[in-house]
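One structure is given here, and the rest of the page talks about it.
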Amino acid sequence: MNKIYLDHAATTPVAPEVFKAMEPYLTQFYGNPSSIYSIAQKAAMAVSEAREKVAALIGADDEREIIFTSGGTEADNLAIKGAAMALQNKGKHIITSKIEHHAVLHTCEYLEKYLGFDITYLDVDDEGFVSPESVAEAIREDTILVTIMMANNEIGTIEPIKEIGEIVEKHDIYFHTDAVQAVGQIPVDVNELKVDLLSLSAHKFNGPKGVGALYIRKGTRIVPQISGGAQERKRRAGTENVPGIVGLGKAAEIAGEKLESKAEEVSRLRDKLIQGIEEKINEVVLNGPRGKDRLPNNVNFCFRYVEGESILLNLDMLGIAASSGSACTSGSLDPSHVLLAIGRPHETAHGSLRLTLGLDNTEEDIDYLLEVLPGIIQKLRDMSPLYEG
Ligand code: PLP
């Protein structure tokens with residue numbers, strides 16, 4: 001078993017209060033929210049309360065702007081395919097960036113391949129920032145949607161969404177942001193950011209897996225992607241995942257209350273970790289920016305002359321759970337598209353280690369990691385024919 005969990009960007013443990021809030025909707029109030037008897041109506045009321053809590057966390061004016069989904073991936077699909085299909089008579093051009101999560105990138109590629117859309121994939125700078133000017137320059141007559149992530153899941157870059165929102169607002173274009181890594185870590189306000197569509201996912205902030213939401217600003221046209229019953233105001237069919245939705249609502253409530261204190265505590269540990277690694281290990285390069293434009297919980301380094309996977313196996317043997325990139329690309333031998341987009345050469349990109357912090361991490365966890373990591377890297381470098389010491 002892992003004693004120290006440092007992979008909170010992949011997923012987080014369900015908070016005990018969240019688990020407690022969910023339980024009655026699995027055992028007692030298991031009715032279908034569309035039915036009329038009381039155990040069903042109790043479930044319907046819980047869904048409605050959760051909707052209010054999620055709306056409050058992201059500053060939505062009306063809880064009816066929240067549509068529950070099966071997670072961040074579905075929210076991204078619904079936003080992008082839904083907007084593309086609704087607006088295709090107006091134009092077929094979409095703007096995104098090269099460092100989006102695959103839930104966005106592969107959805108854009110799908111539209112390109114099967115439905116004849118034209119996608120612009122914007123470059124980023126060496127810290128992973130999308131420049132608002134590049135968005136302005138890419139906008140064309142036939143552009144219908146801009147989709148840029150709020151914070152990157154691998155290197156923690158917080159994108160200038162508000163500035164991009166101001167540019168997009170001047171045109172008759174929808175603006176979507178994948179805020180899956182941002183919600184619960186940093187303040188998110190849909191009105192301040194000027195977004196029309198925003199994706200979030202419960203399991204990234206101590207809620208359950210398999211549930212998320214898409215914020216759809218009032219008046220934004222979306223073609224549903226799942227057909228069936230009239231749930232979610234006909235925008236997402238299927239019997240609601242009531243316990244999951246209740247868990248998402250509770251996690252959103254707690255995230256709102258703890259946002260500031262969590263960011264403060266976690267970023268302190270983040271900075272200690274970054275400083276410790278840079279002091280103790282040579283030939284390392286930090287991926288992503290430093291300071292306030294980096295997610296408070298994210299650390300990502302490339303260690304030259306070593307393979308990320310080998311570091312992970314060695315850490316696991318010592319009880320530490322970490323990642324070499326995003327959970328979805330682990331297992332593939334291709335280097336991360338994000339690290340390549342910020343200009344890391346292939347060999348360097350292969351030696352990446354992502355450490356992402358959460359509420360359950362302590363100072364001792366960081367001390368332990370800093371104690372064992374230099375030895376692991378040295379051992380692996382000693383075995384590398386490329387390393388000359
Ligand atoms: N978008 C980003 C930025 C993510 O980090 C993730 C998950 O890692 C997703 C989307 C997909 O979310 P989910 O796991 O809820 O489908």
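For the structure tokens, the naming scheme is as follows: chains receive sequential letters (A, B, ...) according to their order of presentation, residues are indexed from 1 within each chain, and ligands are indexed from 1 in presentation order.
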Contacts with ligand 1 at most 6 Å, only C-alpha atoms and all ligand atoms counted, listed as a PyMOL selection string: chain A and resi 10+71-73+101+103+152-153+178+180-181+201
Set the distance at 12 Å and use only C-alpha atoms: which residues neighbour Ile39 in chain A once local chain neighbours fewer than 4 positions away are removed? I'd like the list as a list in words. Pro24, Tyr25, Leu26, Thr27, Gln28, Phe29, Tyr30, Gly31, Asn32, Pro33, Ser34, Ser35, Ala43, Ala44, Met45, Ala46 and Val242 of chain A
How would the residues just picked look written out with C-alpha atoms as an mmCIF file, in the first residue's frame?
```
data_model
loop_
_atom_site.group_PDB
_atom_site.id
_atom_site.type_symbol
_atom_site.label_atom_id
_atom_site.label_comp_id
_atom_site.auth_asym_id
_atom_site.auth_seq_id
_atom_site.Cartn_x
_atom_site.Cartn_y
_atom_site.Cartn_z
ATOM 1 C CA PRO A 24 -28.424 7.768 2.460
ATOM 2 C CA TYR A 25 -28.963 8.155 -1.296
ATOM 3 C CA LEU A 26 -27.605 4.640 -1.853
ATOM 4 C CA THR A 27 -29.436 2.943 0.982
ATOM 5 C CA GLN A 28 -32.526 4.939 2.003
ATOM 6 C CA PHE A 29 -33.581 7.475 -0.613
ATOM 7 C CA TYR A 30 -32.866 5.357 -3.662
ATOM 8 C CA GLY A 31 -35.938 6.486 -5.598
ATOM 9 C CA ASN A 32 -35.697 7.690 -9.176
ATOM 10 C CA PRO A 33 -35.871 11.509 -9.038
ATOM 11 C CA SER A 34 -38.410 11.441 -11.893
ATOM 12 C CA SER A 35 -40.916 9.424 -9.789
ATOM 13 C CA ALA A 43 -33.714 12.312 -4.131
ATOM 14 C CA ALA A 44 -34.944 15.023 -6.540
ATOM 15 C CA MET A 45 -34.595 17.628 -3.809
ATOM 16 C CA ALA A 46 -31.050 16.487 -3.048
ATOM 17 C CA VAL A 242 -28.099 10.791 -7.359
#
```
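Among the candidates A:His350, A:Asp196, A:Val246, A:Ile155, the one nearest to Glu23 in chain A when counting only C-alpha atoms is A:Val246.
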Which polymer residues have any atom within 9 Å of an atom of Leu273 in chain A, counting only C-alpha atoms, with same-chain residues fewer than 5 positions away left out, as a list in words? Arg268, Glu278, Val299, Ile366, Asp367, Leu369 and Leu370 of chain A
Could you find all residues in range 92-157 of chain A that DSSP calls helix (DSSP H, G or I) from the backbone, and write them as an MDAnalysis selection string? chainID A and resid 102:115 132:138
Quick one: of A:Leu57, A:Ile144, A:Val183, A:Ile216, who's nearest to Glu232 in chain A, counting only C-alpha atoms?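 With only C-alpha atoms as the atom set, the closest residue is A:Ile216.
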Which one is closest to Leu6 in chain A: A:Asn300, A:Thr348, A:Ser48, A:Ser384? Count only C-alpha atoms. A:Asn300
Residue contacts of Gly351 in chain A (12 Å, only C-alpha atoms) excluding same-chain residues fewer than 5 positions away, as a PDB file with all heavy atoms, in the first residue's frame:
```
ATOM      1  N   GLU A 283      20.797  18.765 -12.853  1.00  0.00           N
ATOM      2  CA  GLU A 283      20.241  18.422 -14.175  1.00  0.00           C
ATOM      3  C   GLU A 283      18.725  18.194 -14.115  1.00  0.00           C
ATOM      4  O   GLU A 283      18.209  17.196 -14.616  1.00  0.00           O
ATOM      5  CB  GLU A 283      20.927  17.169 -14.741  1.00  0.00           C
ATOM      6  CG  GLU A 283      22.422  17.316 -14.885  1.00  0.00           C
ATOM      7  CD  GLU A 283      22.859  17.724 -16.287  1.00  0.00           C
ATOM      8  OE1 GLU A 283      22.013  18.185 -17.076  1.00  0.00           O
ATOM      9  OE2 GLU A 283      24.053  17.600 -16.566  1.00  0.00           O
ATOM     10  N   VAL A 284      18.036  19.128 -13.449  1.00  0.00           N
ATOM     11  CA  VAL A 284      16.567  19.042 -13.407  1.00  0.00           C
ATOM     12  C   VAL A 284      15.998  20.309 -14.032  1.00  0.00           C
ATOM     13  O   VAL A 284      16.647  21.346 -14.023  1.00  0.00           O
ATOM     14  CB  VAL A 284      16.004  18.930 -11.965  1.00  0.00           C
ATOM     15  CG1 VAL A 284      16.470  17.666 -11.298  1.00  0.00           C
ATOM     16  CG2 VAL A 284      16.340  20.150 -11.125  1.00  0.00           C
ATOM     17  N   VAL A 285      14.817  20.185 -14.583  1.00  0.00           N
ATOM     18  CA  VAL A 285      14.172  21.385 -15.112  1.00  0.00           C
ATOM     19  C   VAL A 285      12.695  21.386 -14.702  1.00  0.00           C
ATOM     20  O   VAL A 285      11.999  20.380 -14.849  1.00  0.00           O
ATOM     21  CB  VAL A 285      14.412  21.561 -16.637  1.00  0.00           C
ATOM     22  CG1 VAL A 285      14.308  20.272 -17.382  1.00  0.00           C
ATOM     23  CG2 VAL A 285      13.467  22.586 -17.258  1.00  0.00           C
ATOM     24  N   LEU A 286      12.305  22.504 -14.108  1.00  0.00           N
ATOM     25  CA  LEU A 286      10.904  22.640 -13.673  1.00  0.00           C
ATOM     26  C   LEU A 286      10.039  22.872 -14.903  1.00  0.00           C
ATOM     27  O   LEU A 286      10.358  23.721 -15.734  1.00  0.00           O
ATOM     28  CB  LEU A 286      10.770  23.835 -12.707  1.00  0.00           C
ATOM     29  CG  LEU A 286       9.351  24.106 -12.190  1.00  0.00           C
ATOM     30  CD1 LEU A 286       8.897  23.024 -11.212  1.00  0.00           C
ATOM     31  CD2 LEU A 286       9.255  25.484 -11.515  1.00  0.00           C
ATOM     32  N   ASN A 287       8.960  22.133 -15.015  1.00  0.00           N
ATOM     33  CA  ASN A 287       8.018  22.347 -16.116  1.00  0.00           C
ATOM     34  C   ASN A 287       6.871  23.212 -15.617  1.00  0.00           C
ATOM     35  O   ASN A 287       6.290  22.916 -14.577  1.00  0.00           O
ATOM     36  CB  ASN A 287       7.480  21.013 -16.625  1.00  0.00           C
ATOM     37  CG  ASN A 287       8.583  20.129 -17.173  1.00  0.00           C
ATOM     38  OD1 ASN A 287       9.391  20.584 -17.991  1.00  0.00           O
ATOM     39  ND2 ASN A 287       8.665  18.898 -16.711  1.00  0.00           N
ATOM     40  N   ASN A 300       6.055  19.689 -11.249  1.00  0.00           N
ATOM     41  CA  ASN A 300       6.394  18.813 -12.373  1.00  0.00           C
ATOM     42  C   ASN A 300       7.826  19.102 -12.823  1.00  0.00           C
ATOM     43  O   ASN A 300       8.149  20.235 -13.167  1.00  0.00           O
ATOM     44  CB  ASN A 300       5.402  19.042 -13.524  1.00  0.00           C
ATOM     45  CG  ASN A 300       5.580  18.036 -14.657  1.00  0.00           C
ATOM     46  OD1 ASN A 300       6.711  17.677 -15.015  1.00  0.00           O
ATOM     47  ND2 ASN A 300       4.477  17.569 -15.223  1.00  0.00           N
ATOM     48  N   PHE A 301       8.647  18.088 -12.767  1.00  0.00           N
ATOM     49  CA  PHE A 301      10.054  18.232 -13.143  1.00  0.00           C
ATOM     50  C   PHE A 301      10.435  17.248 -14.230  1.00  0.00           C
ATOM     51  O   PHE A 301       9.887  16.143 -14.286  1.00  0.00           O
ATOM     52  CB  PHE A 301      10.967  17.925 -11.946  1.00  0.00           C
ATOM     53  CG  PHE A 301      11.191  19.101 -11.028  1.00  0.00           C
ATOM     54  CD1 PHE A 301      10.488  19.215  -9.838  1.00  0.00           C
ATOM     55  CD2 PHE A 301      12.119  20.081 -11.355  1.00  0.00           C
ATOM     56  CE1 PHE A 301      10.707  20.288  -8.991  1.00  0.00           C
ATOM     57  CE2 PHE A 301      12.342  21.161 -10.507  1.00  0.00           C
ATOM     58  CZ  PHE A 301      11.637  21.266  -9.314  1.00  0.00           C
ATOM     59  N   CYS A 302      11.422  17.619 -15.053  1.00  0.00           N
ATOM     60  CA  CYS A 302      12.104  16.631 -15.893  1.00  0.00           C
ATOM     61  C   CYS A 302      13.476  16.395 -15.290  1.00  0.00           C
ATOM     62  O   CYS A 302      14.174  17.355 -14.928  1.00  0.00           O
ATOM     63  CB  CYS A 302      12.273  17.148 -17.323  1.00  0.00           C
ATOM     64  SG  CYS A 302      10.767  17.057 -18.292  1.00  0.00           S
ATOM     65  N   PHE A 303      13.831  15.122 -15.140  1.00  0.00           N
ATOM     66  CA  PHE A 303      15.147  14.729 -14.633  1.00  0.00           C
ATOM     67  C   PHE A 303      15.912  14.171 -15.828  1.00  0.00           C
ATOM     68  O   PHE A 303      15.498  13.139 -16.380  1.00  0.00           O
ATOM     69  CB  PHE A 303      15.011  13.652 -13.543  1.00  0.00           C
ATOM     70  CG  PHE A 303      14.242  14.146 -12.341  1.00  0.00           C
ATOM     71  CD1 PHE A 303      12.853  14.081 -12.314  1.00  0.00           C
ATOM     72  CD2 PHE A 303      14.904  14.701 -11.264  1.00  0.00           C
ATOM     73  CE1 PHE A 303      12.140  14.550 -11.220  1.00  0.00           C
ATOM     74  CE2 PHE A 303      14.197  15.171 -10.167  1.00  0.00           C
ATOM     75  CZ  PHE A 303      12.814  15.104 -10.144  1.00  0.00           C
ATOM     76  N   ARG A 304      16.960  14.856 -16.232  1.00  0.00           N
ATOM     77  CA  ARG A 304      17.692  14.392 -17.414  1.00  0.00           C
ATOM     78  C   ARG A 304      18.359  13.031 -17.160  1.00  0.00           C
ATOM     79  O   ARG A 304      18.738  12.730 -16.041  1.00  0.00           O
ATOM     80  CB  ARG A 304      18.754  15.418 -17.808  1.00  0.00           C
ATOM     81  CG  ARG A 304      18.112  16.699 -18.312  1.00  0.00           C
ATOM     82  CD  ARG A 304      19.046  17.499 -19.215  1.00  0.00           C
ATOM     83  NE  ARG A 304      18.354  18.704 -19.665  1.00  0.00           N
ATOM     84  CZ  ARG A 304      18.412  19.870 -19.024  1.00  0.00           C
ATOM     85  NH1 ARG A 304      19.142  20.008 -17.954  1.00  0.00           N
ATOM     86  NH2 ARG A 304      17.742  20.908 -19.474  1.00  0.00           N
ATOM     87  N   TYR A 305      18.449  12.243 -18.200  1.00  0.00           N
ATOM     88  CA  TYR A 305      19.092  10.900 -18.230  1.00  0.00           C
ATOM     89  C   TYR A 305      18.310   9.820 -17.488  1.00  0.00           C
ATOM     90  O   TYR A 305      18.850   8.753 -17.216  1.00  0.00           O
ATOM     91  CB  TYR A 305      20.533  10.945 -17.662  1.00  0.00           C
ATOM     92  CG  TYR A 305      21.360  12.066 -18.228  1.00  0.00           C
ATOM     93  CD1 TYR A 305      21.715  13.155 -17.442  1.00  0.00           C
ATOM     94  CD2 TYR A 305      21.761  12.047 -19.566  1.00  0.00           C
ATOM     95  CE1 TYR A 305      22.452  14.202 -17.967  1.00  0.00           C
ATOM     96  CE2 TYR A 305      22.498  13.091 -20.094  1.00  0.00           C
ATOM     97  CZ  TYR A 305      22.838  14.165 -19.287  1.00  0.00           C
ATOM     98  OH  TYR A 305      23.562  15.202 -19.805  1.00  0.00           O
ATOM     99  N   VAL A 306      17.052  10.080 -17.116  1.00  0.00           N
ATOM    100  CA  VAL A 306      16.273   8.994 -16.495  1.00  0.00           C
ATOM    101  C   VAL A 306      14.892   8.906 -17.147  1.00  0.00           C
ATOM    102  O   VAL A 306      14.421   9.858 -17.757  1.00  0.00           O
ATOM    103  CB  VAL A 306      16.080   9.171 -14.966  1.00  0.00           C
ATOM    104  CG1 VAL A 306      17.356   8.937 -14.213  1.00  0.00           C
ATOM    105  CG2 VAL A 306      15.492  10.506 -14.627  1.00  0.00           C
ATOM    106  N   GLU A 307      14.249   7.766 -16.974  1.00  0.00           N
ATOM    107  CA  GLU A 307      12.900   7.547 -17.483  1.00  0.00           C
ATOM    108  C   GLU A 307      11.906   7.806 -16.350  1.00  0.00           C
ATOM    109  O   GLU A 307      12.087   7.282 -15.248  1.00  0.00           O
ATOM    110  CB  GLU A 307      12.733   6.073 -17.896  1.00  0.00           C
ATOM    111  CG  GLU A 307      13.473   5.672 -19.152  1.00  0.00           C
ATOM    112  CD  GLU A 307      12.739   6.119 -20.402  1.00  0.00           C
ATOM    113  OE1 GLU A 307      11.507   6.300 -20.326  1.00  0.00           O
ATOM    114  OE2 GLU A 307      13.405   6.298 -21.443  1.00  0.00           O
ATOM    115  N   GLY A 308      10.861   8.554 -16.633  1.00  0.00           N
ATOM    116  CA  GLY A 308       9.839   8.839 -15.628  1.00  0.00           C
ATOM    117  C   GLY A 308       9.244   7.577 -15.022  1.00  0.00           C
ATOM    118  O   GLY A 308       9.060   7.470 -13.809  1.00  0.00           O
ATOM    119  N   GLU A 309       9.007   6.583 -15.890  1.00  0.00           N
ATOM    120  CA  GLU A 309       8.378   5.344 -15.411  1.00  0.00           C
ATOM    121  C   GLU A 309       9.252   4.646 -14.361  1.00  0.00           C
ATOM    122  O   GLU A 309       8.745   4.070 -13.400  1.00  0.00           O
ATOM    123  CB  GLU A 309       8.132   4.366 -16.572  1.00  0.00           C
ATOM    124  CG  GLU A 309       7.281   4.920 -17.716  1.00  0.00           C
ATOM    125  CD  GLU A 309       5.876   5.300 -17.298  1.00  0.00           C
ATOM    126  OE1 GLU A 309       5.266   4.511 -16.553  1.00  0.00           O
ATOM    127  OE2 GLU A 309       5.398   6.375 -17.688  1.00  0.00           O
ATOM    128  N   SER A 310      10.579   4.686 -14.573  1.00  0.00           N
ATOM    129  CA  SER A 310      11.484   4.034 -13.609  1.00  0.00           C
ATOM    130  C   SER A 310      11.446   4.769 -12.269  1.00  0.00           C
ATOM    131  O   SER A 310      11.508   4.134 -11.210  1.00  0.00           O
ATOM    132  CB  SER A 310      12.930   4.029 -14.113  1.00  0.00           C
ATOM    133  OG  SER A 310      12.963   3.711 -15.459  1.00  0.00           O
ATOM    134  N   ILE A 311      11.338   6.083 -12.313  1.00  0.00           N
ATOM    135  CA  ILE A 311      11.244   6.845 -11.045  1.00  0.00           C
ATOM    136  C   ILE A 311       9.972   6.404 -10.314  1.00  0.00           C
ATOM    137  O   ILE A 311       9.989   6.140  -9.114  1.00  0.00           O
ATOM    138  CB  ILE A 311      11.182   8.374 -11.285  1.00  0.00           C
ATOM    139  CG1 ILE A 311      12.275   8.860 -12.233  1.00  0.00           C
ATOM    140  CG2 ILE A 311      11.262   9.121  -9.944  1.00  0.00           C
ATOM    141  CD1 ILE A 311      12.189  10.345 -12.590  1.00  0.00           C
ATOM    142  N   LEU A 312       8.870   6.300 -11.073  1.00  0.00           N
ATOM    143  CA  LEU A 312       7.581   5.937 -10.453  1.00  0.00           C
ATOM    144  C   LEU A 312       7.645   4.567  -9.779  1.00  0.00           C
ATOM    145  O   LEU A 312       7.151   4.401  -8.673  1.00  0.00           O
ATOM    146  CB  LEU A 312       6.471   5.903 -11.505  1.00  0.00           C
ATOM    147  CG  LEU A 312       6.114   7.223 -12.165  1.00  0.00           C
ATOM    148  CD1 LEU A 312       4.891   7.047 -13.044  1.00  0.00           C
ATOM    149  CD2 LEU A 312       5.865   8.295 -11.113  1.00  0.00           C
ATOM    150  N   SER A 323       3.100  10.387 -10.422  1.00  0.00           N
ATOM    151  CA  SER A 323       2.739  10.199 -11.827  1.00  0.00           C
ATOM    152  C   SER A 323       3.845  10.764 -12.708  1.00  0.00           C
ATOM    153  O   SER A 323       4.617  11.629 -12.274  1.00  0.00           O
ATOM    154  CB  SER A 323       1.426  10.949 -12.068  1.00  0.00           C
ATOM    155  OG  SER A 323       1.248  11.213 -13.420  1.00  0.00           O
ATOM    156  N   SER A 324       3.880  10.281 -13.961  1.00  0.00           N
ATOM    157  CA  SER A 324       4.881  10.868 -14.858  1.00  0.00           C
ATOM    158  C   SER A 324       4.227  11.881 -15.794  1.00  0.00           C
ATOM    159  O   SER A 324       4.889  12.523 -16.584  1.00  0.00           O
ATOM    160  CB  SER A 324       5.577   9.770 -15.668  1.00  0.00           C
ATOM    161  OG  SER A 324       4.625   9.129 -16.457  1.00  0.00           O
ATOM    162  N   GLY A 325       2.924  11.993 -15.715  1.00  0.00           N
ATOM    163  CA  GLY A 325       2.230  12.945 -16.576  1.00  0.00           C
ATOM    164  C   GLY A 325       0.773  12.854 -16.228  1.00  0.00           C
ATOM    165  O   GLY A 325       0.440  12.641 -15.074  1.00  0.00           O
ATOM    166  N   LEU A 333       3.850   4.981 -24.356  1.00  0.00           N
ATOM    167  CA  LEU A 333       5.288   5.255 -24.387  1.00  0.00           C
ATOM    168  C   LEU A 333       5.622   6.595 -25.033  1.00  0.00           C
ATOM    169  O   LEU A 333       6.758   7.029 -25.033  1.00  0.00           O
ATOM    170  CB  LEU A 333       6.019   4.109 -25.094  1.00  0.00           C
ATOM    171  CG  LEU A 333       6.122   2.825 -24.263  1.00  0.00           C
ATOM    172  CD1 LEU A 333       6.774   1.712 -25.054  1.00  0.00           C
ATOM    173  CD2 LEU A 333       6.882   3.061 -22.955  1.00  0.00           C
ATOM    174  N   ASP A 334       4.587   7.253 -25.602  1.00  0.00           N
ATOM    175  CA  ASP A 334       4.826   8.553 -26.219  1.00  0.00           C
ATOM    176  C   ASP A 334       5.098   9.579 -25.128  1.00  0.00           C
ATOM    177  O   ASP A 334       4.444   9.570 -24.100  1.00  0.00           O
ATOM    178  CB  ASP A 334       3.585   9.008 -27.009  1.00  0.00           C
ATOM    179  CG  ASP A 334       3.313   8.076 -28.172  1.00  0.00           C
ATOM    180  OD1 ASP A 334       4.273   7.446 -28.639  1.00  0.00           O
ATOM    181  OD2 ASP A 334       2.141   7.975 -28.585  1.00  0.00           O
ATOM    182  N   PRO A 335       6.056  10.497 -25.394  1.00  0.00           N
ATOM    183  CA  PRO A 335       6.239  11.542 -24.386  1.00  0.00           C
ATOM    184  C   PRO A 335       5.011  12.455 -24.364  1.00  0.00           C
ATOM    185  O   PRO A 335       4.251  12.510 -25.332  1.00  0.00           O
ATOM    186  CB  PRO A 335       7.480  12.284 -24.870  1.00  0.00           C
ATOM    187  CG  PRO A 335       7.652  11.919 -26.293  1.00  0.00           C
ATOM    188  CD  PRO A 335       6.957  10.622 -26.528  1.00  0.00           C
ATOM    189  N   SER A 336       4.837  13.147 -23.257  1.00  0.00           N
ATOM    190  CA  SER A 336       3.661  13.993 -23.085  1.00  0.00           C
ATOM    191  C   SER A 336       3.561  15.086 -24.161  1.00  0.00           C
ATOM    192  O   SER A 336       4.544  15.782 -24.440  1.00  0.00           O
ATOM    193  CB  SER A 336       3.745  14.630 -21.699  1.00  0.00           C
ATOM    194  OG  SER A 336       3.349  15.963 -21.742  1.00  0.00           O
ATOM    195  N   LEU A 339       4.552  18.473 -22.642  1.00  0.00           N
ATOM    196  CA  LEU A 339       5.980  18.756 -22.497  1.00  0.00           C
ATOM    197  C   LEU A 339       6.619  19.044 -23.860  1.00  0.00           C
ATOM    198  O   LEU A 339       7.479  19.916 -23.970  1.00  0.00           O
ATOM    199  CB  LEU A 339       6.691  17.592 -21.796  1.00  0.00           C
ATOM    200  CG  LEU A 339       6.239  17.341 -20.354  1.00  0.00           C
ATOM    201  CD1 LEU A 339       6.994  16.173 -19.736  1.00  0.00           C
ATOM    202  CD2 LEU A 339       6.414  18.592 -19.484  1.00  0.00           C
ATOM    203  N   ARG A 344      10.227  20.910 -24.640  1.00  0.00           N
ATOM    204  CA  ARG A 344      11.184  19.939 -24.096  1.00  0.00           C
ATOM    205  C   ARG A 344      11.543  18.933 -25.189  1.00  0.00           C
ATOM    206  O   ARG A 344      10.636  18.408 -25.867  1.00  0.00           O
ATOM    207  CB  ARG A 344      10.565  19.158 -22.918  1.00  0.00           C
ATOM    208  CG  ARG A 344      10.174  20.005 -21.739  1.00  0.00           C
ATOM    209  CD  ARG A 344      11.350  20.396 -20.865  1.00  0.00           C
ATOM    210  NE  ARG A 344      10.901  21.327 -19.857  1.00  0.00           N
ATOM    211  CZ  ARG A 344      10.997  22.663 -19.930  1.00  0.00           C
ATOM    212  NH1 ARG A 344      11.554  23.218 -20.991  1.00  0.00           N
ATOM    213  NH2 ARG A 344      10.558  23.444 -18.977  1.00  0.00           N
ATOM    214  N   PRO A 345      12.839  18.628 -25.353  1.00  0.00           N
ATOM    215  CA  PRO A 345      13.206  17.601 -26.324  1.00  0.00           C
ATOM    216  C   PRO A 345      12.647  16.241 -25.876  1.00  0.00           C
ATOM    217  O   PRO A 345      12.412  16.043 -24.679  1.00  0.00           O
ATOM    218  CB  PRO A 345      14.739  17.576 -26.261  1.00  0.00           C
ATOM    219  CG  PRO A 345      15.152  18.737 -25.422  1.00  0.00           C
ATOM    220  CD  PRO A 345      13.975  19.200 -24.631  1.00  0.00           C
ATOM    221  N   HIS A 346      12.468  15.328 -26.830  1.00  0.00           N
ATOM    222  CA  HIS A 346      11.898  14.008 -26.521  1.00  0.00           C
ATOM    223  C   HIS A 346      12.587  13.326 -25.342  1.00  0.00           C
ATOM    224  O   HIS A 346      11.944  12.828 -24.427  1.00  0.00           O
ATOM    225  CB  HIS A 346      12.010  13.085 -27.746  1.00  0.00           C
ATOM    226  CG  HIS A 346      10.842  13.223 -28.675  1.00  0.00           C
ATOM    227  ND1 HIS A 346       9.954  12.209 -28.910  1.00  0.00           N
ATOM    228  CD2 HIS A 346      10.416  14.270 -29.410  1.00  0.00           C
ATOM    229  CE1 HIS A 346       9.031  12.617 -29.757  1.00  0.00           C
ATOM    230  NE2 HIS A 346       9.295  13.867 -30.078  1.00  0.00           N
ATOM    231  N   ILE A 377      17.174   8.921  -8.177  1.00  0.00           N
ATOM    232  CA  ILE A 377      17.641   9.527  -9.435  1.00  0.00           C
ATOM    233  C   ILE A 377      19.107   9.135  -9.681  1.00  0.00           C
ATOM    234  O   ILE A 377      19.481   8.763 -10.794  1.00  0.00           O
ATOM    235  CB  ILE A 377      17.485  11.080  -9.394  1.00  0.00           C
ATOM    236  CG1 ILE A 377      16.019  11.467  -9.144  1.00  0.00           C
ATOM    237  CG2 ILE A 377      18.030  11.721 -10.674  1.00  0.00           C
ATOM    238  CD1 ILE A 377      15.053  11.150 -10.247  1.00  0.00           C
ATOM    239  N   LEU A 380      19.381   5.534 -10.873  1.00  0.00           N
ATOM    240  CA  LEU A 380      18.945   5.363 -12.265  1.00  0.00           C
ATOM    241  C   LEU A 380      19.957   5.974 -13.231  1.00  0.00           C
ATOM    242  O   LEU A 380      20.231   5.422 -14.297  1.00  0.00           O
ATOM    243  CB  LEU A 380      17.554   5.987 -12.464  1.00  0.00           C
ATOM    244  CG  LEU A 380      16.416   5.298 -11.703  1.00  0.00           C
ATOM    245  CD1 LEU A 380      15.131   6.108 -11.800  1.00  0.00           C
ATOM    246  CD2 LEU A 380      16.190   3.883 -12.252  1.00  0.00           C
ATOM    247  N   ARG A 381      20.526   7.119 -12.837  1.00  0.00           N
ATOM    248  CA  ARG A 381      21.521   7.756 -13.717  1.00  0.00           C
ATOM    249  C   ARG A 381      22.781   6.891 -13.819  1.00  0.00           C
ATOM    250  O   ARG A 381      23.387   6.796 -14.893  1.00  0.00           O
ATOM    251  CB  ARG A 381      21.867   9.145 -13.180  1.00  0.00           C
ATOM    252  CG  ARG A 381      20.793  10.154 -13.548  1.00  0.00           C
ATOM    253  CD  ARG A 381      21.122  11.541 -13.062  1.00  0.00           C
ATOM    254  NE  ARG A 381      20.092  12.479 -13.514  1.00  0.00           N
ATOM    255  CZ  ARG A 381      19.948  13.699 -13.021  1.00  0.00           C
ATOM    256  NH1 ARG A 381      20.742  14.144 -12.073  1.00  0.00           N
ATOM    257  NH2 ARG A 381      18.997  14.491 -13.493  1.00  0.00           N
TER     258      ARG A 381
END
```
May I ask which of the residues A:Ala138, A:Val266, A:Val14, A:Ala252 is the closest one to Ala56 in chain A, counting only C-alpha atoms? A:Ala252
Name the residues in contact with Gln231 in chain A at a cut-off of 12 Å, using only C-alpha atoms, excluding same-chain residues fewer than 4 positions from it; report them as a list in words. Asn32, Pro33, Ser34, Ser35, Ala44, Val47, Ile67, Phe68, Thr69, Pro224, Ile226, Ser227, Arg235, Arg236, Ala237, Gly238, Thr239, Glu240 and Asn241 of chain A
How many Å lie between CA of Ala40 in chain A and CA of Gly249 in chain A, rounded to one decimal? 18.0 Å
Name the residues of range 122-232 of chain A that come out as strand (DSSP E or B) in a backbone DSSP run; write them as a PyMOL selection string. chain A and resi 122+143-147+151+157-158+174-178+197-201+212-216
Report as JSON, numbers by chain all protein, DNA and RNA residues lying within 7 Å of range 149-151 of chain A, evaluated on only C-alpha atoms, omitting residues in the same chain fewer than 3 positions from it. {"A": [100, 156, 157, 158, 159, 161, 177, 178, 179, 181, 182]}
Best match for closeness to Pro132 in chain A among A:Val146, A:Ala75, A:Val104, A:Ile222, counting only C-alpha atoms: A:Val146
